[in-house]
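Have a look at data_33.cif; it's mmCIF, C-alpha atoms:
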data_target
#
loop_
_atom_site.label_atom_id
_atom_site.label_comp_id
_atom_site.auth_asym_id
_atom_site.auth_seq_id
_atom_site.Cartn_x
_atom_site.Cartn_y
_atom_site.Cartn_z
CA MET F 1 0.00 0.00 0.00
CA PHE F 2 1.39 3.40 -0.92
CA ALA F 3 0.11 4.97 2.32
CA ASP F 4 3.13 3.34 3.99
CA ASN F 5 6.33 4.05 2.10
CA ILE F 6 9.87 5.13 2.93
CA PHE F 7 9.17 8.77 2.00
CA LEU F 8 6.32 8.99 4.50
CA LYS F 9 8.68 7.64 7.15
CA ILE F 10 11.15 10.40 6.26
CA ILE F 11 8.35 13.01 6.42
CA ASP F 12 7.28 11.61 9.81
CA LYS F 13 10.94 11.62 10.95
CA THR F 14 10.88 7.91 11.80
CA ILE F 15 13.71 7.41 9.31
CA PRO F 16 16.55 9.95 9.34
CA ALA F 17 17.50 11.91 6.23
CA LYS F 18 19.93 14.70 5.45
CA LEU F 19 17.43 17.50 4.88
CA ALA F 20 18.02 20.22 2.32
CA HIS F 21 14.62 21.94 2.74
CA GLU F 22 11.37 21.61 4.62
CA ASP F 23 8.19 23.69 4.67
CA ASP F 24 4.47 23.05 5.18
CA LEU F 25 4.04 21.51 1.71
CA CYS F 26 7.18 19.56 0.97
CA LEU F 27 10.47 18.16 2.12
CA ALA F 28 13.76 17.81 0.26
CA PHE F 29 16.64 15.56 1.23
CA HIS F 30 19.92 14.28 -0.18
CA ASP F 31 19.65 10.92 -1.94
CA ILE F 32 21.50 8.09 -0.17
CA LYS F 33 22.61 6.68 -3.56
CA PRO F 34 23.44 9.86 -5.48
CA GLN F 35 23.64 9.73 -9.27
CA ALA F 36 25.45 13.09 -9.46
CA PRO F 37 27.55 15.21 -7.08
CA VAL F 38 24.29 16.93 -6.10
CA HIS F 39 21.25 14.65 -5.93
CA VAL F 40 18.32 15.87 -3.87
CA LEU F 41 14.82 14.38 -3.77
CA ILE F 42 11.94 16.84 -3.44
CA ILE F 43 8.71 15.27 -2.20
CA PRO F 44 5.28 16.63 -1.37
CA LYS F 45 4.02 15.93 2.13
CA LYS F 46 0.67 15.11 0.54
CA VAL F 47 0.59 11.55 -0.77
CA ILE F 48 0.33 11.53 -4.55
CA ARG F 49 1.22 8.02 -5.71
CA THR F 50 2.70 8.98 -9.07
CA HIS F 51 2.84 11.90 -11.49
CA ASP F 52 -0.06 10.34 -13.37
CA ALA F 53 -2.21 10.60 -10.23
CA ALA F 54 -1.84 14.38 -9.93
CA THR F 55 -5.04 16.36 -10.42
CA ALA F 56 -6.00 19.98 -11.02
CA ALA F 57 -6.25 20.32 -7.22
CA ASP F 58 -2.48 19.63 -7.07
CA GLN F 59 -1.52 22.41 -9.48
CA ALA F 60 -0.22 24.85 -6.85
CA LEU F 61 1.63 22.07 -5.02
CA LEU F 62 3.37 20.91 -8.20
CA GLY F 63 4.39 24.49 -8.96
CA HIS F 64 5.71 24.83 -5.41
CA LEU F 65 7.92 21.76 -5.89
CA HIS F 66 9.47 23.40 -8.96
CA LEU F 67 10.11 26.67 -7.11
CA VAL F 68 11.75 24.74 -4.27
CA ALA F 69 13.98 23.10 -6.91
CA VAL F 70 15.01 26.55 -8.18
CA LYS F 71 15.80 27.70 -4.62
CA LEU F 72 17.81 24.57 -3.86
CA ALA F 73 19.72 24.73 -7.15
CA LYS F 74 20.87 28.24 -6.23
CA GLU F 75 21.76 27.25 -2.66
CA LEU F 76 23.64 24.14 -3.78
CA GLY F 77 25.79 25.95 -6.35
CA LEU F 78 24.20 24.68 -9.55
CA ALA F 79 24.54 27.95 -11.48
CA LYS F 80 25.94 26.11 -14.53
CA GLY F 81 22.75 24.04 -14.81
CA TYR F 82 20.92 21.07 -13.42
CA ARG F 83 18.39 18.41 -14.33
CA LEU F 84 14.95 17.77 -12.84
CA VAL F 85 13.56 14.26 -13.23
CA ILE F 86 10.15 12.86 -12.33
CA ASN F 87 9.81 9.13 -12.93
CA CYS F 88 6.26 7.88 -13.47
CA ASP F 89 5.26 4.31 -12.67
CA GLU F 90 7.27 1.12 -13.11
CA HIS F 91 8.28 1.53 -16.76
CA GLY F 92 9.29 5.13 -16.08
CA GLY F 93 11.70 4.00 -13.37
CA GLN F 94 9.66 4.98 -10.31
CA THR F 95 10.61 2.77 -7.36
CA VAL F 96 8.80 4.51 -4.46
CA PRO F 97 5.02 4.97 -4.79
CA HIS F 98 5.11 8.64 -3.78
CA LEU F 99 5.56 11.44 -6.30
CA HIS F 100 9.07 12.85 -6.13
CA MET F 101 11.38 15.07 -8.12
CA HIS F 102 15.10 14.43 -8.50
CA LEU F 103 17.32 17.52 -8.59
CA LEU F 104 20.63 16.48 -10.16
CA GLY F 105 23.68 18.62 -10.82
CA GLY F 106 27.35 19.26 -10.29
CA ARG F 107 28.43 17.52 -13.51
CA ASP F 108 27.62 17.53 -17.21
CA MET F 109 24.41 15.65 -17.96
CA ALA F 110 24.37 13.34 -20.98
CA TRP F 111 21.47 12.99 -23.40
CA PRO F 112 19.54 10.80 -23.76
CA PRO F 113 19.47 10.11 -20.03
CA GLY F 114 18.75 6.39 -20.24
#
Structure translated into structure tokens:
Amino acid sequence: MFADNIFLKIIDKTIPAKLAHEDDLCLAFHDIKPQAPVHVLIIPKKVIRTHDAATAADQALLGHLHLVAVKLAKELGLAKGYRLVINCDEHGGQTVPHLHMHLLGGRDMAWPPG
């Protein structure tokens, strides 16, 4: 069940994480298996299982996640550029059933990504 996942445990502080940002709507933390020198996950505190499950009611929240990414990119020294990734469902590479955004930077990003 997606109501019990590792991200909810991080939000609830039952699992520790190296926080990069927290506010009323979201939390951001450094990935424990980084794929770039900077790899931060930005997650809403509201449970949205996957990007495909977002609705019009989530519009402001999704915009907020992007603005948090901009703020973090500046704070983490990513002035040369960065990548934002949202994986959607199994074939899109999503492994945790909770919408999340990857902020990646600190190196050149290849294309296509994979």
Exercise. Can you tell me, as a list in words, what residues are no more than 10 Å from Val47 in chain F when counting all atoms listed in the file, ignoring any on the same chain fewer than 6 positions away?
Worked result: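 Listed by chain and then number, they are Phe2, Ala3, Asp4, Asn5, Phe7, Leu8, Ala53, Ala54, Pro97, His98 and Leu99 of chain F.
Shortest atom-to-atom contact with Leu76 in chain F among F:Gly106, F:Pro16, F:Gly92, F:Pro34: F:Gly106, counting only C-alpha atoms.
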When you look at Ile11 in chain F with a cut-off of 10 Å (counting only C-alpha atoms), what residues show up, excluding the ones that are within fewer than 2 positions of it in the same chain? I need them as a PDB file with C-alpha atoms, keeping the file's coordinate frame.
ATOM      1  CA  ILE F   6       9.870   5.130   2.930  1.00  0.00           C
ATOM      2  CA  PHE F   7       9.170   8.770   2.000  1.00  0.00           C
ATOM      3  CA  LEU F   8       6.320   8.990   4.500  1.00  0.00           C
ATOM      4  CA  LYS F   9       8.680   7.640   7.150  1.00  0.00           C
ATOM      5  CA  LYS F  13      10.940  11.620  10.950  1.00  0.00           C
ATOM      6  CA  THR F  14      10.880   7.910  11.800  1.00  0.00           C
ATOM      7  CA  ILE F  15      13.710   7.410   9.310  1.00  0.00           C
ATOM      8  CA  PRO F  16      16.550   9.950   9.340  1.00  0.00           C
ATOM      9  CA  ALA F  17      17.500  11.910   6.230  1.00  0.00           C
ATOM     10  CA  GLU F  22      11.370  21.610   4.620  1.00  0.00           C
ATOM     11  CA  CYS F  26       7.180  19.560   0.970  1.00  0.00           C
ATOM     12  CA  LEU F  27      10.470  18.160   2.120  1.00  0.00           C
ATOM     13  CA  ALA F  28      13.760  17.810   0.260  1.00  0.00           C
ATOM     14  CA  ILE F  43       8.710  15.270  -2.200  1.00  0.00           C
ATOM     15  CA  PRO F  44       5.280  16.630  -1.370  1.00  0.00           C
ATOM     16  CA  LYS F  45       4.020  15.930   2.130  1.00  0.00           C
ATOM     17  CA  LYS F  46       0.670  15.110   0.540  1.00  0.00           C
TER      18      LYS F  46
END
For this session: Would you translate the PyMOL selection byres ((chain F and resi 69) around 10) into the concrete set of residues it matches in this file, as a list in words?
Result: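 This file gives the following for the PyMOL selection byres ((chain F and resi 69) around 10): His21, Ala28, Val40, Leu41, Ile42, Gly63, His64, Leu65, His66, Leu67, Val68, Val70, Lys71, Leu72, Ala73, Lys74, Glu75, Tyr82, Arg83, Leu84, Met101, His102, Leu103 and Leu104 of chain F.
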Now that the selection is made, can you save its residues with C-alpha atoms as a CSV table (one decimal), in the frame of the given file?
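part_19.csv written:
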chain,number,residue,atom,x,y,z
F,21,HIS,CA,14.6,21.9,2.7
F,28,ALA,CA,13.8,17.8,0.3
F,40,VAL,CA,18.3,15.9,-3.9
F,41,LEU,CA,14.8,14.4,-3.8
F,42,ILE,CA,11.9,16.8,-3.4
F,63,GLY,CA,4.4,24.5,-9.0
F,64,HIS,CA,5.7,24.8,-5.4
F,65,LEU,CA,7.9,21.8,-5.9
F,66,HIS,CA,9.5,23.4,-9.0
F,67,LEU,CA,10.1,26.7,-7.1
F,68,VAL,CA,11.8,24.7,-4.3
F,70,VAL,CA,15.0,26.6,-8.2
F,71,LYS,CA,15.8,27.7,-4.6
F,72,LEU,CA,17.8,24.6,-3.9
F,73,ALA,CA,19.7,24.7,-7.2
F,74,LYS,CA,20.9,28.2,-6.2
F,75,GLU,CA,21.8,27.2,-2.7
F,82,TYR,CA,20.9,21.1,-13.4
F,83,ARG,CA,18.4,18.4,-14.3
F,84,LEU,CA,15.0,17.8,-12.8
F,101,MET,CA,11.4,15.1,-8.1
F,102,HIS,CA,15.1,14.4,-8.5
F,103,LEU,CA,17.3,17.5,-8.6
F,104,LEU,CA,20.6,16.5,-10.2
For this session: Would you mind telling me which residue in F:Asp31, F:Pro113, F:Arg107, F:Lys18 lies nearest to Ala79 in chain F when using only C-alpha atoms?
Result: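 Counting only C-alpha atoms, the residue closest to Ala79 in chain F is F:Arg107.
Our summary of the geometry notes that CA of Asp89 in chain F is positioned 8.1 Å from CA of Asp52 in chain F.
CA of Gln59 in chain F lies 27.7 Å from CA of Gly77 in chain F.
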